[in-house]
file input32.txt (compact mmCIF, N, CA and C atoms)
# COMPACT_ATOMS: atom_id res chain seq x y z
N MET B 996 115.41 80.05 109.33
CA MET B 996 114.22 79.25 109.57
C MET B 996 113.14 80.07 110.27
N TRP B 997 113.55 80.94 111.18
CA TRP B 997 112.60 81.75 111.92
C TRP B 997 111.85 82.69 110.97
N ARG B 998 112.56 83.31 110.03
CA ARG B 998 111.93 84.23 109.08
C ARG B 998 110.94 83.48 108.19
N GLN B 999 111.26 82.27 107.78
CA GLN B 999 110.34 81.51 106.94
C GLN B 999 109.07 81.17 107.69
N SER B 1000 109.19 80.83 108.95
CA SER B 1000 107.99 80.51 109.73
C SER B 1000 107.16 81.77 109.97
N GLN B 1001 107.82 82.93 110.10
CA GLN B 1001 107.07 84.17 110.24
C GLN B 1001 106.29 84.47 108.97
N LEU B 1002 106.92 84.27 107.81
CA LEU B 1002 106.22 84.51 106.55
C LEU B 1002 105.05 83.56 106.36
N LEU B 1003 105.23 82.30 106.74
CA LEU B 1003 104.15 81.33 106.65
C LEU B 1003 103.01 81.72 107.57
N PHE B 1004 103.35 82.16 108.78
CA PHE B 1004 102.32 82.63 109.71
C PHE B 1004 101.59 83.84 109.14
N LEU B 1005 102.34 84.74 108.50
CA LEU B 1005 101.74 85.93 107.91
C LEU B 1005 100.76 85.56 106.81
N VAL B 1006 101.12 84.63 105.95
CA VAL B 1006 100.22 84.19 104.88
C VAL B 1006 98.97 83.56 105.47
N CYS B 1007 99.12 82.74 106.50
CA CYS B 1007 97.96 82.12 107.15
C CYS B 1007 97.08 83.18 107.81
N LEU B 1008 97.71 84.19 108.42
CA LEU B 1008 96.97 85.27 109.04
C LEU B 1008 96.18 86.06 108.01
N VAL B 1009 96.78 86.33 106.88
CA VAL B 1009 96.12 87.07 105.81
C VAL B 1009 94.96 86.27 105.26
N LEU B 1010 95.16 84.98 105.05
CA LEU B 1010 94.09 84.14 104.50
C LEU B 1010 92.92 84.01 105.45
N SER B 1011 93.19 83.99 106.75
CA SER B 1011 92.11 83.81 107.71
C SER B 1011 91.47 85.11 108.13
N SER B 1012 92.05 86.26 107.75
CA SER B 1012 91.52 87.54 108.23
C SER B 1012 90.27 87.99 107.49
N GLY B 1013 90.04 87.53 106.28
CA GLY B 1013 88.89 87.99 105.51
C GLY B 1013 87.63 87.25 105.89
N SER B 1014 86.51 87.92 105.73
CA SER B 1014 85.24 87.25 105.99
C SER B 1014 84.85 86.43 104.75
N ALA B 1015 83.84 85.61 104.91
CA ALA B 1015 83.45 84.71 103.82
C ALA B 1015 82.96 85.47 102.60
N ASP B 1016 82.31 86.64 102.82
CA ASP B 1016 81.83 87.34 101.63
C ASP B 1016 82.93 88.02 100.86
N ARG B 1017 84.10 88.15 101.42
CA ARG B 1017 85.20 88.73 100.66
C ARG B 1017 85.70 87.74 99.61
N TRP B 1018 85.48 86.45 99.84
CA TRP B 1018 85.92 85.45 98.88
C TRP B 1018 85.00 85.43 97.67
N ARG B 1019 83.70 85.58 97.91
CA ARG B 1019 82.73 85.60 96.82
C ARG B 1019 82.14 87.00 96.78
N ASP B 1020 82.47 87.72 95.79
CA ASP B 1020 82.07 89.11 95.70
C ASP B 1020 81.43 89.38 94.35
N ASP B 1021 80.60 90.39 94.27
CA ASP B 1021 80.00 90.76 92.99
C ASP B 1021 81.04 91.30 92.03
N GLU B 1022 82.17 91.73 92.56
CA GLU B 1022 83.20 92.34 91.73
C GLU B 1022 84.30 91.36 91.36
N GLU B 1023 83.98 90.07 91.31
CA GLU B 1023 85.01 89.08 91.00
C GLU B 1023 85.62 89.31 89.63
N GLU B 1024 84.82 89.73 88.67
CA GLU B 1024 85.35 89.95 87.34
C GLU B 1024 86.23 91.20 87.28
N ASP B 1025 86.12 92.07 88.25
CA ASP B 1025 86.95 93.28 88.29
C ASP B 1025 88.33 93.02 88.88
N GLY B 1026 88.53 91.90 89.51
CA GLY B 1026 89.81 91.61 90.14
C GLY B 1026 89.99 92.34 91.46
N CYS B 1027 88.90 92.53 92.20
CA CYS B 1027 88.97 93.28 93.45
C CYS B 1027 88.58 92.43 94.66
N THR B 1028 88.85 91.14 94.59
CA THR B 1028 88.55 90.27 95.72
C THR B 1028 89.79 90.12 96.60
N LEU B 1029 89.61 89.43 97.71
CA LEU B 1029 90.72 89.20 98.63
C LEU B 1029 91.81 88.35 97.98
N ILE B 1030 91.41 87.40 97.16
CA ILE B 1030 92.39 86.56 96.47
C ILE B 1030 93.25 87.40 95.54
N ASP B 1031 92.65 88.37 94.86
CA ASP B 1031 93.41 89.25 93.96
C ASP B 1031 94.35 90.16 94.73
N ALA B 1032 93.98 90.52 95.95
CA ALA B 1032 94.81 91.40 96.78
C ALA B 1032 95.91 90.64 97.51
N LEU B 1033 95.82 89.32 97.55
CA LEU B 1033 96.78 88.51 98.31
C LEU B 1033 98.24 88.76 97.95
N PRO B 1034 98.62 88.84 96.67
CA PRO B 1034 100.03 89.12 96.37
C PRO B 1034 100.50 90.46 96.93
N TYR B 1035 99.64 91.47 96.89
CA TYR B 1035 100.00 92.77 97.45
C TYR B 1035 100.18 92.68 98.96
N MET B 1036 99.33 91.89 99.60
CA MET B 1036 99.40 91.74 101.05
C MET B 1036 100.67 90.99 101.47
N VAL B 1037 101.01 89.94 100.74
CA VAL B 1037 102.21 89.16 101.08
C VAL B 1037 103.47 89.99 100.85
N VAL B 1038 103.52 90.70 99.72
CA VAL B 1038 104.70 91.54 99.43
C VAL B 1038 104.80 92.67 100.44
N GLY B 1039 103.68 93.31 100.75
CA GLY B 1039 103.70 94.40 101.74
C GLY B 1039 104.11 93.91 103.11
N GLY B 1040 103.59 92.75 103.51
CA GLY B 1040 103.94 92.20 104.81
C GLY B 1040 105.40 91.81 104.91
N ALA B 1041 105.90 91.15 103.87
CA ALA B 1041 107.32 90.74 103.89
C ALA B 1041 108.24 91.95 103.82
N ALA B 1042 107.88 92.93 103.00
CA ALA B 1042 108.73 94.12 102.87
C ALA B 1042 108.80 94.87 104.18
N LEU B 1043 107.66 95.05 104.84
CA LEU B 1043 107.69 95.80 106.09
C LEU B 1043 108.31 95.00 107.22
N MET B 1044 108.17 93.66 107.17
CA MET B 1044 108.78 92.83 108.21
C MET B 1044 110.30 92.93 108.17
N TYR B 1045 110.85 93.07 106.96
CA TYR B 1045 112.30 93.14 106.83
C TYR B 1045 112.82 94.57 106.79
N ALA B 1046 112.12 95.48 106.11
CA ALA B 1046 112.62 96.84 105.94
C ALA B 1046 112.23 97.76 107.09
N GLY B 1047 111.10 97.52 107.72
CA GLY B 1047 110.64 98.39 108.81
C GLY B 1047 111.64 98.53 109.94
N PRO B 1048 112.12 97.43 110.50
CA PRO B 1048 113.11 97.56 111.57
C PRO B 1048 114.41 98.22 111.12
N ALA B 1049 114.79 98.02 109.87
CA ALA B 1049 116.02 98.65 109.38
C ALA B 1049 115.85 100.16 109.28
N VAL B 1050 114.69 100.60 108.84
CA VAL B 1050 114.43 102.04 108.75
C VAL B 1050 114.42 102.66 110.14
N LEU B 1051 113.75 102.02 111.09
CA LEU B 1051 113.72 102.56 112.45
C LEU B 1051 115.09 102.55 113.08
N ALA B 1052 115.89 101.52 112.82
CA ALA B 1052 117.25 101.47 113.37
C ALA B 1052 118.09 102.60 112.79
N SER B 1053 117.88 102.91 111.52
CA SER B 1053 118.65 104.01 110.93
C SER B 1053 118.23 105.36 111.50
N LEU B 1054 117.00 105.45 111.99
CA LEU B 1054 116.55 106.68 112.64
C LEU B 1054 116.98 106.76 114.10
N GLY B 1055 117.49 105.66 114.63
CA GLY B 1055 118.00 105.65 116.00
C GLY B 1055 117.17 104.85 116.98
N PHE B 1056 116.07 104.26 116.55
CA PHE B 1056 115.24 103.44 117.42
C PHE B 1056 115.70 102.00 117.30
N GLN B 1057 116.61 101.60 118.19
CA GLN B 1057 117.23 100.28 118.11
C GLN B 1057 116.75 99.38 119.23
N ALA B 1058 117.06 98.11 119.12
CA ALA B 1058 116.64 97.14 120.14
C ALA B 1058 117.27 97.43 121.49
N THR B 1059 118.44 98.05 121.49
CA THR B 1059 119.13 98.36 122.75
C THR B 1059 118.73 99.70 123.33
N GLY B 1060 117.94 100.47 122.61
CA GLY B 1060 117.52 101.78 123.09
C GLY B 1060 117.69 102.81 121.99
N ILE B 1061 117.46 104.05 122.35
CA ILE B 1061 117.58 105.13 121.38
C ILE B 1061 119.04 105.54 121.27
N ALA B 1062 119.55 105.57 120.05
CA ALA B 1062 120.95 105.89 119.80
C ALA B 1062 121.21 107.38 120.01
N ALA B 1063 122.39 107.70 120.51
CA ALA B 1063 122.78 109.09 120.73
C ALA B 1063 122.98 109.80 119.39
N ASN B 1064 122.71 111.09 119.37
CA ASN B 1064 122.88 111.94 118.19
C ASN B 1064 122.14 111.42 116.96
N SER B 1065 120.91 110.99 117.16
CA SER B 1065 120.11 110.47 116.05
C SER B 1065 118.78 111.22 116.01
N VAL B 1066 118.01 110.93 114.99
CA VAL B 1066 116.67 111.51 114.88
C VAL B 1066 115.83 111.09 116.09
N GLY B 1067 116.01 109.85 116.52
CA GLY B 1067 115.27 109.34 117.68
C GLY B 1067 115.60 110.11 118.94
N SER B 1068 116.87 110.45 119.15
CA SER B 1068 117.24 111.22 120.34
C SER B 1068 116.69 112.64 120.27
N TRP B 1069 116.67 113.22 119.06
CA TRP B 1069 116.10 114.55 118.90
C TRP B 1069 114.60 114.52 119.20
N LEU B 1070 113.89 113.50 118.69
CA LEU B 1070 112.46 113.38 118.97
C LEU B 1070 112.19 113.15 120.45
N MET B 1071 113.04 112.38 121.08
CA MET B 1071 112.89 112.12 122.51
C MET B 1071 113.07 113.41 123.30
N SER B 1072 114.07 114.20 122.94
CA SER B 1072 114.31 115.48 123.61
C SER B 1072 113.14 116.42 123.39
N TRP B 1073 112.68 116.52 122.16
CA TRP B 1073 111.56 117.40 121.84
C TRP B 1073 110.30 116.97 122.59
N SER B 1074 110.06 115.66 122.67
CA SER B 1074 108.89 115.14 123.36
C SER B 1074 108.96 115.42 124.86
N ALA B 1075 110.14 115.26 125.43
CA ALA B 1075 110.30 115.52 126.86
C ALA B 1075 110.11 116.99 127.18
N ILE B 1076 110.64 117.86 126.35
CA ILE B 1076 110.49 119.30 126.58
C ILE B 1076 109.04 119.73 126.43
N SER B 1077 108.37 119.23 125.40
CA SER B 1077 106.99 119.65 125.16
C SER B 1077 106.00 119.09 126.18
N SER B 1078 106.34 117.98 126.82
CA SER B 1078 105.41 117.40 127.80
C SER B 1078 105.79 117.76 129.23
N GLY B 1079 106.79 118.59 129.40
CA GLY B 1079 107.11 119.06 130.75
C GLY B 1079 108.16 118.23 131.48
N GLY B 1080 109.00 117.53 130.78
CA GLY B 1080 110.12 116.86 131.44
C GLY B 1080 110.18 115.35 131.30
N GLY B 1081 109.17 114.72 130.80
CA GLY B 1081 109.20 113.28 130.65
C GLY B 1081 108.62 112.86 129.32
N VAL B 1082 109.05 111.73 128.84
CA VAL B 1082 108.51 111.19 127.58
C VAL B 1082 107.22 110.45 127.93
N PRO B 1083 106.09 110.87 127.34
CA PRO B 1083 104.82 110.23 127.69
C PRO B 1083 104.74 108.78 127.20
N ALA B 1084 104.20 107.94 128.06
CA ALA B 1084 103.98 106.53 127.69
C ALA B 1084 102.89 106.47 126.63
N GLY B 1085 103.12 105.68 125.60
CA GLY B 1085 102.15 105.55 124.52
C GLY B 1085 102.25 106.66 123.48
N GLY B 1086 103.22 107.54 123.62
CA GLY B 1086 103.41 108.61 122.66
C GLY B 1086 104.16 108.12 121.43
N VAL B 1087 104.48 109.04 120.54
CA VAL B 1087 105.15 108.71 119.29
C VAL B 1087 106.52 108.09 119.55
N VAL B 1088 107.29 108.69 120.43
CA VAL B 1088 108.65 108.20 120.69
C VAL B 1088 108.60 106.81 121.33
N ALA B 1089 107.71 106.63 122.28
CA ALA B 1089 107.60 105.33 122.95
C ALA B 1089 107.13 104.24 121.97
N THR B 1090 106.20 104.59 121.11
CA THR B 1090 105.70 103.62 120.13
C THR B 1090 106.78 103.24 119.13
N LEU B 1091 107.51 104.24 118.61
CA LEU B 1091 108.59 103.95 117.67
C LEU B 1091 109.69 103.12 118.31
N GLN B 1092 110.02 103.41 119.58
CA GLN B 1092 111.04 102.62 120.26
C GLN B 1092 110.57 101.19 120.48
N SER B 1093 109.30 101.04 120.80
CA SER B 1093 108.76 99.69 120.98
C SER B 1093 108.81 98.90 119.68
N LEU B 1094 108.46 99.55 118.56
CA LEU B 1094 108.54 98.87 117.27
C LEU B 1094 109.99 98.60 116.88
N GLY B 1095 110.90 99.49 117.23
CA GLY B 1095 112.32 99.28 116.93
C GLY B 1095 112.90 98.12 117.71
N ALA B 1096 112.36 97.87 118.89
CA ALA B 1096 112.85 96.76 119.71
C ALA B 1096 112.31 95.42 119.22
N GLN B 1097 111.24 95.43 118.45
CA GLN B 1097 110.62 94.20 117.96
C GLN B 1097 111.03 93.93 116.53
N ALA B 1098 112.29 93.89 116.27
CA ALA B 1098 112.78 93.72 114.90
C ALA B 1098 112.27 92.42 114.28
N GLY B 1099 111.62 92.53 113.13
CA GLY B 1099 111.15 91.37 112.39
C GLY B 1099 109.95 90.67 112.99
N SER B 1100 109.17 91.37 113.79
CA SER B 1100 108.04 90.72 114.44
C SER B 1100 106.85 90.57 113.51
N VAL B 1101 105.89 89.81 113.94
CA VAL B 1101 104.68 89.58 113.17
C VAL B 1101 103.85 90.86 113.10
N ALA B 1102 104.02 91.75 114.08
CA ALA B 1102 103.29 93.02 114.05
C ALA B 1102 103.67 93.82 112.81
N TRP B 1103 104.95 93.82 112.47
CA TRP B 1103 105.39 94.50 111.24
C TRP B 1103 104.75 93.87 110.02
N GLY B 1104 104.71 92.55 109.98
CA GLY B 1104 104.10 91.85 108.85
C GLY B 1104 102.62 92.15 108.73
N SER B 1105 101.94 92.23 109.85
CA SER B 1105 100.52 92.53 109.85
C SER B 1105 100.26 93.94 109.33
N ILE B 1106 101.06 94.89 109.77
CA ILE B 1106 100.91 96.27 109.29
C ILE B 1106 101.17 96.33 107.79
N GLY B 1107 102.21 95.66 107.34
CA GLY B 1107 102.54 95.65 105.92
C GLY B 1107 101.48 95.01 105.06
N SER B 1108 100.89 93.92 105.56
CA SER B 1108 99.85 93.25 104.77
C SER B 1108 98.60 94.12 104.68
N LYS B 1109 98.29 94.85 105.74
CA LYS B 1109 97.14 95.76 105.69
C LYS B 1109 97.42 96.91 104.74
N LEU B 1110 98.64 97.41 104.73
CA LEU B 1110 98.99 98.46 103.77
C LEU B 1110 98.93 97.94 102.34
N GLY B 1111 99.36 96.70 102.12
CA GLY B 1111 99.27 96.10 100.79
C GLY B 1111 97.83 95.94 100.33
N TYR B 1112 96.97 95.52 101.23
CA TYR B 1112 95.56 95.39 100.90
C TYR B 1112 94.96 96.75 100.56
N SER B 1113 95.27 97.75 101.37
CA SER B 1113 94.76 99.10 101.12
C SER B 1113 95.26 99.65 99.79
N ALA B 1114 96.52 99.40 99.48
CA ALA B 1114 97.08 99.86 98.21
C ALA B 1114 96.35 99.20 97.04
N HIS B 1115 96.07 97.91 97.15
CA HIS B 1115 95.35 97.21 96.08
C HIS B 1115 93.95 97.78 95.92
N GLN B 1116 93.25 97.97 97.03
CA GLN B 1116 91.88 98.46 96.95
C GLN B 1116 91.82 99.89 96.42
N ASN B 1117 92.75 100.73 96.84
CA ASN B 1117 92.69 102.14 96.44
C ASN B 1117 93.23 102.38 95.04
N PHE B 1118 94.34 101.76 94.70
CA PHE B 1118 94.97 102.07 93.43
C PHE B 1118 94.49 101.17 92.29
N ILE B 1119 94.44 99.88 92.51
CA ILE B 1119 94.03 98.96 91.45
C ILE B 1119 92.51 98.98 91.28
N CYS B 1120 91.78 98.72 92.35
CA CYS B 1120 90.32 98.65 92.25
C CYS B 1120 89.72 100.04 92.06
N GLY B 1121 90.31 101.06 92.65
CA GLY B 1121 89.81 102.42 92.48
C GLY B 1121 89.88 102.87 91.03
N LYS B 1122 90.98 102.55 90.34
CA LYS B 1122 91.11 102.91 88.92
C LYS B 1122 90.11 102.14 88.08
N LYS B 1123 89.90 100.86 88.40
CA LYS B 1123 88.95 100.06 87.62
C LYS B 1123 87.53 100.57 87.81
N GLN B 1124 87.20 100.98 89.03
CA GLN B 1124 85.85 101.47 89.29
C GLN B 1124 85.62 102.83 88.62
N LYS B 1125 86.66 103.67 88.60
CA LYS B 1125 86.53 104.96 87.94
C LYS B 1125 86.37 104.79 86.44
N SER B 1126 87.13 103.88 85.85
CA SER B 1126 87.00 103.67 84.40
C SER B 1126 85.69 102.99 84.06
N LYS B 1127 85.13 102.23 84.99
CA LYS B 1127 83.85 101.57 84.76
C LYS B 1127 82.70 102.59 84.76
N LYS B 1128 82.82 103.64 85.57
CA LYS B 1128 81.79 104.66 85.65
C LYS B 1128 81.77 105.55 84.42
N GLN B 1129 82.90 105.71 83.76
CA GLN B 1129 82.98 106.63 82.62
C GLN B 1129 82.45 106.04 81.38
call {"tool": "encode", "arguments": {"input": "input32.txt", "output": "structure tokens"}}
result
Amino acid sequence: MWRQSQLLFLVCLVLSSGSADRWRDDEEEDGCTLIDALPYMVVGGAALMYAGPAVLASLGFQATGIAANSVGSWLMSWSAISSGGGVPAGGVVATLQSLGAQAGSVAWGSIGSKLGYSAHQNFICGKKQKSKKQ
């Protein structure tokens, strides 16, 4: 039930994130509006909400901390050595550990939906605009 409510929240977040001119665009016939990008955003958000924490956990960034003998522990060691003995707050290791601790959060869904929107705009709309110019 919790995952379903997160997905519903994600869809509502995606629908409310666009400005009014994104709904009515001169490129409506090209299929490059927010409505056309919505399936990419929902799939990207759901995929990252479920797969993102699993990928980070496999790298060693788990909810209980960084796992021993993992990529995460190697990065933590490298970060501590390069910064003079401590892992810097807000650095790569700290950010990845924070995301690993937030398994299935809305932040993952938001990142995924933005990646889905970018993929639609760059790959689908970019190809249509290039073919339109030729």
call {"tool": "closest_residue", "arguments": {"input": "input32.txt", "among": "B:Ser1078, B:Gln1116, B:Ser1093, B:Ser1065", "to": "B:Thr1028", "atoms": "only C-alpha atoms"}}
result
B:Gln1116
call {"tool": "axis_aligned_box", "arguments": {"input": "input32.txt", "around": "stretch 1109-1112 of chain B", "padding_each_side": "4 Å", "output": "JSON"}}
result
{"center_x": 97.2, "center_y": 96.7, "center_z": 103.0, "size_x": 12.4, "size_y": 11.6, "size_z": 13.4}
call {"tool": "closest_residue", "arguments": {"input": "input32.txt", "among": "B:Phe1118, B:Trp1103, B:Gly1111, B:Gly1095", "to": "B:Thr1059", "atoms": "all atoms listed in the file"}}
result
B:Gly1095
call {"tool": "atom_distance", "arguments": {"input": "input32.txt", "atom1": "atom CA of B:Leu1110", "atom2": "atom CA of B:Val1050"}}
result
16.6 Å
call {"tool": "atom_distance", "arguments": {"input": "input32.txt", "atom1": "atom CA of B:Val1087", "atom2": "atom CA of B:Ala1062"}}
result
16.1 Å
call {"tool": "atom_distance", "arguments": {"input": "input32.txt", "atom1": "atom CA of B:Gly1121", "atom2": "atom C of B:Ala1102"}}
result
26.1 Å
call {"tool": "closest_residue", "arguments": {"input": "input32.txt", "among": "B:Pro1048, B:Gly1067, B:Gly1081, B:Gly1026", "to": "B:Ala1096", "atoms": "only C-alpha atoms"}}
result
B:Pro1048
call {"tool": "closest_atom_pairs", "arguments": {"input": "input32.txt", "of": "stretch 1044-1127 of chain B", "to": "stretch 1030-1038 of chain B", "cutoff": "6 Å", "atoms": "only C-alpha atoms", "output": "tab-separated table"}}
result
residue	atom	partner	partner_atom	distance
B:Ser1108	CA	B:Met1036	CA	4.0
B:Gly1111	CA	B:Met1036	CA	4.4
B:Tyr1112	CA	B:Met1036	CA	5.3
B:His1115	CA	B:Ala1032	CA	5.9
call {"tool": "write_last_selection", "arguments": {"input": "input32.txt", "atoms": "N, CA and C atoms", "output": "PDB file, in the frame of the given file"}}
result
ATOM      1  N   SER B1108     100.890  93.920 105.560  1.00  0.00           N
ATOM      2  CA  SER B1108      99.850  93.250 104.770  1.00  0.00           C
ATOM      3  C   SER B1108      98.600  94.120 104.680  1.00  0.00           C
ATOM      4  N   GLY B1111      99.360  96.700 102.120  1.00  0.00           N
ATOM      5  CA  GLY B1111      99.270  96.100 100.790  1.00  0.00           C
ATOM      6  C   GLY B1111      97.830  95.940 100.330  1.00  0.00           C
ATOM      7  N   TYR B1112      96.970  95.520 101.230  1.00  0.00           N
ATOM      8  CA  TYR B1112      95.560  95.390 100.900  1.00  0.00           C
ATOM      9  C   TYR B1112      94.960  96.750 100.560  1.00  0.00           C
ATOM     10  N   HIS B1115      96.070  97.910  97.150  1.00  0.00           N
ATOM     11  CA  HIS B1115      95.350  97.210  96.080  1.00  0.00           C
ATOM     12  C   HIS B1115      93.950  97.780  95.920  1.00  0.00           C
TER      13      HIS B1115
END
call {"tool": "closest_residue", "arguments": {"input": "input32.txt", "among": "B:Ser1100, B:Ser1113, B:Ser1053, B:Ser1074", "to": "B:Val1088", "atoms": "only N, CA and C atoms"}}
result
B:Ser1074
call {"tool": "closest_residue", "arguments": {"input": "input32.txt", "among": "B:Ala1089, B:Cys1027, B:Cys1120, B:Leu1043", "to": "B:Gln1057", "atoms": "only C-alpha atoms"}}
result
B:Ala1089
